[in-house]
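Undergrad: Input file: coords.txt. Contents: compact mmCIF, C-alpha atoms.
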```txt
# COMPACT_ATOMS: atom_id res chain seq x y z
CA MET S 660 -60.47 27.45 206.14
CA GLY S 661 -57.25 26.39 207.88
CA PRO S 662 -55.70 24.15 205.24
CA TRP S 663 -56.51 26.64 202.46
CA ILE S 664 -54.71 29.47 204.26
CA GLU S 665 -51.69 27.19 204.71
CA VAL S 666 -51.69 26.30 201.03
CA LEU S 667 -52.06 29.96 200.11
CA CYS S 668 -49.19 31.00 202.38
CA ALA S 669 -47.04 28.11 201.14
CA SER S 670 -47.57 29.11 197.53
CA ALA S 671 -47.16 32.77 198.37
CA THR S 672 -43.80 32.12 199.99
CA SER S 673 -42.56 30.51 196.80
CA ILE S 674 -42.65 33.97 195.17
CA PRO S 675 -39.73 36.00 196.53
CA LEU S 676 -41.51 39.35 196.82
CA LEU S 677 -44.57 37.85 198.52
CA GLN S 678 -42.31 35.78 200.75
CA LEU S 679 -40.73 38.99 201.94
CA LEU S 680 -44.13 40.51 202.63
CA VAL S 681 -45.43 37.47 204.50
CA THR S 682 -42.38 37.13 206.69
CA ASP S 683 -42.21 40.87 207.14
CA GLY S 684 -45.67 40.93 208.65
CA THR S 685 -46.80 43.67 206.26
CA TRP S 686 -48.97 41.18 204.36
CA ASN S 687 -52.26 42.91 205.13
CA LEU S 688 -50.95 46.34 204.33
CA ALA S 689 -49.52 45.15 201.04
CA LEU S 690 -52.78 43.41 200.23
CA GLN S 691 -54.65 46.66 200.79
CA ALA S 692 -52.27 48.56 198.53
CA ASP S 693 -52.65 45.84 195.90
CA GLN S 694 -56.40 46.23 196.13
CA GLN S 695 -56.11 49.96 195.37
CA GLU S 696 -53.85 49.17 192.42
CA LEU S 697 -56.36 46.64 191.23
CA TRP S 698 -59.27 49.12 191.19
CA SER S 699 -57.26 51.62 189.22
CA THR S 700 -56.10 48.88 186.83
CA ILE S 701 -59.70 47.78 186.21
CA ALA S 702 -60.68 51.41 185.59
CA ARG S 703 -57.87 51.75 183.04
CA ILE S 704 -58.81 48.50 181.27
CA VAL S 705 -62.53 49.33 181.08
CA THR S 706 -62.00 52.91 179.85
CA ALA S 707 -59.49 51.63 177.26
CA ALA S 708 -62.03 49.01 176.09
CA ASN S 709 -64.64 51.78 175.80
CA VAL S 710 -62.21 53.83 173.72
CA LEU S 711 -61.70 50.89 171.33
CA LEU S 712 -65.45 50.25 171.00
CA LEU S 713 -66.03 53.94 170.30
CA VAL S 714 -63.31 54.00 167.65
CA GLY S 715 -65.21 51.23 165.84
CA LEU S 716 -68.62 52.88 166.29
CA SER S 717 -67.41 56.35 165.28
CA TYR S 718 -65.69 54.86 162.23
CA ILE S 719 -68.95 53.24 161.05
CA TRP S 720 -71.03 56.34 161.83
CA GLY S 721 -68.45 58.64 160.23
CA ARG S 722 -68.36 56.54 157.08
CA ASN S 723 -72.17 56.48 156.93
CA TYR S 724 -72.22 60.26 157.36
CA LEU S 725 -69.95 60.62 154.33
CA GLN S 726 -72.38 58.49 152.29
CA ILE S 727 -75.66 59.67 153.79
CA ARG S 728 -75.41 63.31 154.80
CA SER S 729 -78.33 63.72 157.12
CA LYS S 730 -79.07 65.08 160.56
CA HIS S 731 -79.27 61.51 161.92
CA THR S 732 -75.94 60.24 160.63
CA LEU S 733 -74.24 63.46 161.78
CA GLY S 734 -75.87 63.15 165.20
CA LEU S 735 -74.63 59.56 165.69
CA PHE S 736 -71.14 60.50 164.54
CA VAL S 737 -70.85 63.49 166.89
CA PHE S 738 -72.30 61.42 169.76
CA GLY S 739 -69.66 58.72 169.13
CA LEU S 740 -66.83 61.25 168.96
CA LEU S 741 -67.82 62.99 172.19
CA LEU S 742 -68.16 59.70 174.07
CA PHE S 743 -64.79 58.71 172.57
CA PHE S 744 -63.14 61.87 173.96
CA ARG S 745 -64.85 61.35 177.31
CA ASN S 746 -63.28 57.87 177.63
CA CYS S 747 -59.87 59.05 176.35
CA TRP S 748 -59.98 61.74 179.03
CA GLY S 749 -60.91 59.12 181.65
CA PHE S 750 -58.04 56.88 180.58
CA TYR S 751 -55.65 59.83 180.66
CA ILE S 752 -56.69 60.68 184.20
CA TYR S 753 -56.18 57.10 185.47
CA GLN S 754 -52.99 56.45 183.54
CA PHE S 755 -51.04 59.63 182.78
CA ASP S 756 -52.26 62.64 184.73
CA PRO S 757 -49.27 63.78 186.82
CA VAL S 758 -51.35 64.34 189.96
CA LEU S 759 -54.52 62.30 189.60
CA ALA S 760 -53.05 59.02 188.27
CA GLY S 761 -50.96 58.62 191.42
CA TRP S 762 -53.83 59.68 193.63
CA PHE S 763 -56.25 57.16 192.13
CA ALA S 764 -53.70 54.35 192.55
CA SER S 765 -53.10 55.25 196.19
CA GLU S 766 -55.10 54.48 199.33
CA ALA S 767 -56.53 58.00 199.21
CA VAL S 768 -59.60 56.79 197.31
CA PRO S 769 -61.84 54.66 199.56
CA GLU S 770 -63.20 51.38 198.29
CA ILE S 771 -66.80 52.61 198.29
CA ALA S 772 -65.88 55.40 195.87
CA TRP S 773 -64.15 52.92 193.56
CA HIS S 774 -67.21 50.69 193.56
CA ALA S 775 -69.40 53.62 192.52
CA MET S 776 -67.02 54.82 189.80
CA LEU S 777 -66.30 51.37 188.41
CA SER S 778 -69.99 50.52 188.21
CA LEU S 779 -70.44 53.57 185.96
CA HIS S 780 -67.54 52.55 183.70
CA VAL S 781 -68.67 48.93 183.50
CA LEU S 782 -72.30 49.85 182.75
CA GLU S 783 -71.10 52.15 179.98
CA PHE S 784 -68.98 49.30 178.62
CA VAL S 785 -71.93 46.87 178.56
CA ALA S 786 -74.11 49.53 176.89
CA LEU S 787 -71.45 50.10 174.21
CA VAL S 788 -71.07 46.35 173.60
CA PHE S 789 -74.78 46.11 172.82
CA LEU S 790 -74.68 49.20 170.62
CA ALA S 791 -71.68 47.78 168.74
CA TRP S 792 -73.52 44.46 168.37
CA VAL S 793 -76.48 46.09 166.56
CA THR S 794 -74.31 48.55 164.64
CA TRP S 795 -71.85 45.98 163.26
CA ASP S 796 -74.65 44.36 161.26
CA MET D 1300 -90.88 52.25 162.72
CA GLU D 1301 -89.29 55.64 161.91
CA ALA D 1302 -86.48 55.14 164.40
CA VAL D 1303 -85.86 51.56 163.20
CA LEU D 1304 -85.75 52.75 159.58
CA TRP D 1305 -83.20 55.42 160.40
CA TYR D 1306 -80.99 53.13 162.45
CA VAL D 1307 -81.11 50.07 160.16
CA LEU D 1308 -80.53 52.20 157.05
CA THR D 1309 -78.18 54.91 158.31
CA GLY D 1310 -76.72 53.87 161.66
CA THR D 1311 -75.24 50.46 160.91
CA ARG D 1312 -72.23 49.14 159.02
CA GLY D 1313 -74.35 47.71 156.19
CA GLY D 1314 -76.82 50.64 156.15
CA PRO D 1315 -75.92 52.27 152.81
CA ASN D 1316 -76.06 48.91 151.00
CA ARG D 1317 -79.44 48.18 152.56
CA VAL D 1318 -80.73 51.50 151.22
CA ARG D 1319 -79.73 50.41 147.68
CA LEU D 1320 -81.34 47.03 148.26
CA LEU D 1321 -84.61 48.50 149.52
CA ARG D 1322 -84.75 50.87 146.54
CA ALA D 1323 -84.16 47.99 144.11
CA VAL D 1324 -86.86 45.85 145.74
CA ASP D 1325 -89.29 48.77 145.65
CA GLU D 1326 -88.59 49.34 141.94
CA ARG D 1327 -89.69 45.79 141.23
CA PRO D 1328 -89.67 42.62 143.35
CA ARG D 1329 -86.58 40.49 142.75
CA ASN D 1330 -84.97 37.37 144.15
CA ALA D 1331 -81.64 37.24 145.95
CA ASN D 1332 -79.72 36.20 142.82
CA GLN D 1333 -81.10 39.03 140.74
CA LEU D 1334 -80.35 41.52 143.51
CA ALA D 1335 -76.78 40.22 143.77
CA SER D 1336 -76.12 40.75 140.06
CA ASP D 1337 -78.10 44.00 139.78
CA LEU D 1338 -76.35 45.60 142.74
CA GLU D 1339 -72.99 43.92 142.06
CA LEU D 1340 -72.83 42.54 145.58
CA ASP D 1341 -71.88 39.12 146.89
CA TYR D 1342 -74.81 36.65 147.10
CA THR D 1343 -74.16 35.99 150.81
CA THR D 1344 -74.04 39.75 151.48
CA ILE D 1345 -77.42 40.14 149.79
CA ARG D 1346 -78.80 37.23 151.81
CA HIS D 1347 -77.61 38.78 155.05
CA HIS D 1348 -79.10 42.20 154.23
CA LEU D 1349 -82.39 40.60 153.18
CA ASP D 1350 -82.55 38.72 156.48
CA VAL D 1351 -82.00 41.96 158.40
CA LEU D 1352 -84.67 43.78 156.36
CA VAL D 1353 -87.14 40.91 156.83
CA GLU D 1354 -86.40 40.73 160.56
CA ASN D 1355 -87.16 44.45 160.86
CA GLY D 1356 -90.39 44.17 158.86
CA MET D 1357 -89.15 46.18 155.90
CA VAL D 1358 -89.31 43.57 153.15
CA GLN D 1359 -91.21 40.28 152.83
CA LYS D 1360 -90.69 37.07 150.96
CA SER D 1361 -93.18 36.02 148.34
CA GLY D 1362 -93.37 32.68 146.55
CA GLY D 1363 -91.62 29.34 147.08
CA ASP D 1364 -88.38 28.73 148.90
CA TYR D 1365 -86.19 28.62 145.84
CA GLY D 1366 -86.06 31.83 143.88
CA ALA D 1367 -88.60 33.54 146.15
CA VAL D 1368 -88.91 37.22 145.34
CA TYR D 1369 -88.74 39.96 147.92
CA LEU D 1370 -91.05 42.95 148.05
CA THR D 1371 -91.56 45.86 150.41
CA THR D 1372 -94.03 45.51 153.30
CA ASP D 1373 -97.14 47.66 153.80
CA GLN D 1374 -95.48 48.97 156.90
CA VAL D 1375 -92.50 50.34 155.01
CA GLU D 1376 -94.74 51.68 152.23
CA HIS D 1377 -96.61 53.58 154.90
CA HIS D 1378 -93.36 55.27 155.92
CA TRP D 1379 -92.00 55.57 152.41
CA ASP D 1380 -91.49 59.35 152.73
CA THR D 1381 -88.83 58.62 155.36
CA VAL D 1382 -87.17 56.05 153.09
CA GLU D 1383 -87.34 58.57 150.24
CA GLN D 1384 -85.64 61.15 152.42
CA ILE D 1385 -82.83 58.68 153.19
CA ILE D 1386 -82.50 57.60 149.53
CA GLU D 1387 -82.21 61.23 148.41
CA GLN D 1388 -79.34 61.78 150.80
CA VAL D 1389 -77.46 58.69 149.63
CA ASP D 1390 -77.23 60.09 146.11
```
Would it be possible to restate this file's structure as structure tokens?

TA:
Amino acid sequence: MGPWIEVLCASATSIPLLQLLVTDGTWNLALQADQQELWSTIARIVTAANVLLLVGLSYIWGRNYLQIRSKHTLGLFVFGLLLFFRNCWGFYIYQFDPVLAGWFASEAVPEIAWHAMLSLHVLEFVALVFLAWVTWD
Amino acid sequence: MEAVLWYVLTGTRGGPNRVRLLRAVDERPRNANQLASDLELDYTTIRHHLDVLVENGMVQKSGGDYGAVYLTTDQVEHHWDTVEQIIEQVD
């Protein structure tokens, strides 16, 4: 462990901002704040990826609905649109909401809550990837 | 089978073209080249759609490797009312 920490600190001190943090003794605190930022960044990336996947899926389902006007094609299209809005709303909350965006990026949200929320976003992403895989055919 | 028919024919990117292909094959068995010229689609597109339809048990190959004709399976004939319903809505 020892040598690795030294290497890590040595490389960290080559970056001015980190150098300041290390010498300042606020390293741990900063690391914790970074961790919070990281969770909120992952949440933004995954919800944005879901939005993109749903744009593609809704486009295909919408186009099929125009060609094949049936209950099934309409159902898929509406399902895609609603899930699209749900992820847009999620992204808005994490990125732009005047109150919530700041709150999610702060230490106010405990790690355990982030784990639970992110697992939901990531599972939804994996599910959408598989759906896109069969739909793209 | 019903759910597969609906998704493969109406839920996917190539769905509407596969409906045309299935209708053509049901009319009379044809090979990939004939389907390409009859439906005015690229040969490789036809090949891809045929592979998907075969994989999902909707059409089957008959005859030798070269110029083999494709025809509908018993399974899809059994559910032809569903296919009919989809075909009607394409028009």

Undergrad: Quick check: residues of chain S within 7 Å of chain D, only C-alpha atoms, returned as a list in words.

TA: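 Written out as asked, the residues are Ile719, Trp720, Asn723, Gln726, Ile727, Arg728, Ser729, Thr732, Thr794, Trp795 and Asp796 of chain S.
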
Undergrad: Would you kindly return, as a list in words, each protein, DNA or RNA residue with an atom no farther than 8 Å from any atom of region 692-703 of chain S, considering all atoms listed in the file and excluding same-chain residues fewer than 6 positions away?

TA: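 Answer for this query is Phe750, Tyr753, Gln754, Phe763, Ala764, Ser765, Glu766, Val768, Glu770, Trp773, Leu777 and His780 of chain S.
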
Undergrad: Counting only C-alpha atoms, find residues at most 10 Å from (-84.7, 41.8, 151.7) (file frame) and give them as a ChimeraX atom specification.

TA: /D:1317,1320-1321,1323-1324,1328-1331,1334,1345-1360,1368-1371

Undergrad: In Å, rounded to a single decimal, give me how far CA of Ala791 (chain S) is from CA of Gly715 (chain S).

TA: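 Straight-line distance from CA of Gly715 (chain S) to CA of Ala791 (chain S) works out to 7.9 Å.
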
Undergrad: Hey, can you check how far CA of Pro769 (chain S) sits from CA of Arg745 (chain S)?

TA: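 Calculated distance between CA of Pro769 (chain S) and CA of Arg745 (chain S) is 23.4 Å.
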
Undergrad: Quote the spacing between CA of Val793 (chain S) and CA of Leu716 (chain S) in Å to one decimal place.

TA: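 Computing the Euclidean distance for CA of Val793 (chain S) and CA of Leu716 (chain S) yields 10.4 Å.
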
Undergrad: Some atoms are absent from region 1347-1358 of chain D, so rebuild all heavy atoms and return them as a tab-separated table (two decimals), in the frame of the given file.

TA:
```
chain	number	residue	atom	x	y	z
D	1347	HIS	N	-77.68	38.22	153.69
D	1347	HIS	CA	-77.61	38.78	155.05
D	1347	HIS	C	-78.47	40.04	155.17
D	1347	HIS	O	-79.26	40.18	156.09
D	1347	HIS	CB	-76.15	39.09	155.41
D	1347	HIS	CG	-76.03	39.89	156.67
D	1347	HIS	ND1	-76.27	39.34	157.91
D	1347	HIS	CD2	-75.74	41.20	156.89
D	1347	HIS	CE1	-76.12	40.28	158.83
D	1347	HIS	NE2	-75.80	41.41	158.25
D	1348	HIS	N	-78.33	40.95	154.19
D	1348	HIS	CA	-79.10	42.20	154.23
D	1348	HIS	C	-80.60	41.92	154.13
D	1348	HIS	O	-81.40	42.57	154.82
D	1348	HIS	CB	-78.67	43.13	153.09
D	1348	HIS	CG	-77.32	43.73	153.32
D	1348	HIS	ND1	-76.88	44.13	154.55
D	1348	HIS	CD2	-76.30	43.97	152.46
D	1348	HIS	CE1	-75.66	44.61	154.46
D	1348	HIS	NE2	-75.27	44.52	153.19
D	1349	LEU	N	-80.98	40.95	153.29
D	1349	LEU	CA	-82.39	40.60	153.18
D	1349	LEU	C	-82.93	40.08	154.50
D	1349	LEU	O	-84.02	40.45	154.93
D	1349	LEU	CB	-82.60	39.55	152.07
D	1349	LEU	CG	-82.57	40.09	150.63
D	1349	LEU	CD1	-82.56	38.93	149.63
D	1349	LEU	CD2	-83.75	41.02	150.36
D	1350	ASP	N	-82.13	39.25	155.17
D	1350	ASP	CA	-82.55	38.72	156.48
D	1350	ASP	C	-82.78	39.85	157.47
D	1350	ASP	O	-83.75	39.84	158.23
D	1350	ASP	CB	-81.50	37.75	157.03
D	1350	ASP	CG	-81.51	36.41	156.28
D	1350	ASP	OD1	-82.50	36.16	155.56
D	1350	ASP	OD2	-80.53	35.64	156.41
D	1351	VAL	N	-81.86	40.83	157.47
D	1351	VAL	CA	-82.00	41.96	158.40
D	1351	VAL	C	-83.26	42.76	158.07
D	1351	VAL	O	-84.03	43.12	158.96
D	1351	VAL	CB	-80.75	42.88	158.35
D	1351	VAL	CG1	-80.97	44.13	159.19
D	1351	VAL	CG2	-79.52	42.13	158.85
D	1352	LEU	N	-83.49	43.00	156.77
D	1352	LEU	CA	-84.67	43.78	156.36
D	1352	LEU	C	-85.97	43.04	156.68
D	1352	LEU	O	-86.95	43.65	157.10
D	1352	LEU	CB	-84.59	44.11	154.86
D	1352	LEU	CG	-83.50	45.11	154.44
D	1352	LEU	CD1	-83.45	45.27	152.94
D	1352	LEU	CD2	-83.70	46.47	155.11
D	1353	VAL	N	-85.95	41.70	156.50
D	1353	VAL	CA	-87.14	40.91	156.83
D	1353	VAL	C	-87.39	40.94	158.34
D	1353	VAL	O	-88.50	41.16	158.80
D	1353	VAL	CB	-86.99	39.44	156.35
D	1353	VAL	CG1	-88.09	38.56	156.94
D	1353	VAL	CG2	-87.04	39.36	154.82
D	1354	GLU	N	-86.30	40.76	159.10
D	1354	GLU	CA	-86.40	40.73	160.56
D	1354	GLU	C	-86.99	42.04	161.10
D	1354	GLU	O	-87.70	42.06	162.09
D	1354	GLU	CB	-85.00	40.51	161.13
D	1354	GLU	CG	-84.99	39.96	162.54
D	1354	GLU	CD	-83.58	39.83	163.06
D	1354	GLU	OE1	-82.73	39.31	162.31
D	1354	GLU	OE2	-83.33	40.26	164.19
D	1355	ASN	N	-86.67	43.15	160.40
D	1355	ASN	CA	-87.16	44.45	160.86
D	1355	ASN	C	-88.46	44.87	160.16
D	1355	ASN	O	-88.85	46.03	160.24
D	1355	ASN	CB	-86.08	45.51	160.66
D	1355	ASN	CG	-84.97	45.35	161.68
D	1355	ASN	OD1	-85.13	45.72	162.84
D	1355	ASN	ND2	-83.85	44.78	161.27
D	1356	GLY	N	-89.09	43.91	159.47
D	1356	GLY	CA	-90.39	44.17	158.86
D	1356	GLY	C	-90.37	45.15	157.71
D	1356	GLY	O	-91.36	45.85	157.47
D	1357	MET	N	-89.24	45.22	157.00
D	1357	MET	CA	-89.15	46.18	155.90
D	1357	MET	C	-89.37	45.55	154.53
D	1357	MET	O	-89.86	46.21	153.63
D	1357	MET	CB	-87.82	46.91	155.97
D	1357	MET	CG	-87.79	47.87	157.18
D	1357	MET	SD	-86.17	48.18	157.83
D	1357	MET	CE	-85.54	49.23	156.58
D	1358	VAL	N	-88.97	44.29	154.37
D	1358	VAL	CA	-89.31	43.57	153.15
D	1358	VAL	C	-89.91	42.21	153.53
D	1358	VAL	O	-89.72	41.74	154.65
D	1358	VAL	CB	-88.11	43.35	152.18
D	1358	VAL	CG1	-87.47	44.66	151.77
D	1358	VAL	CG2	-87.08	42.41	152.79
```
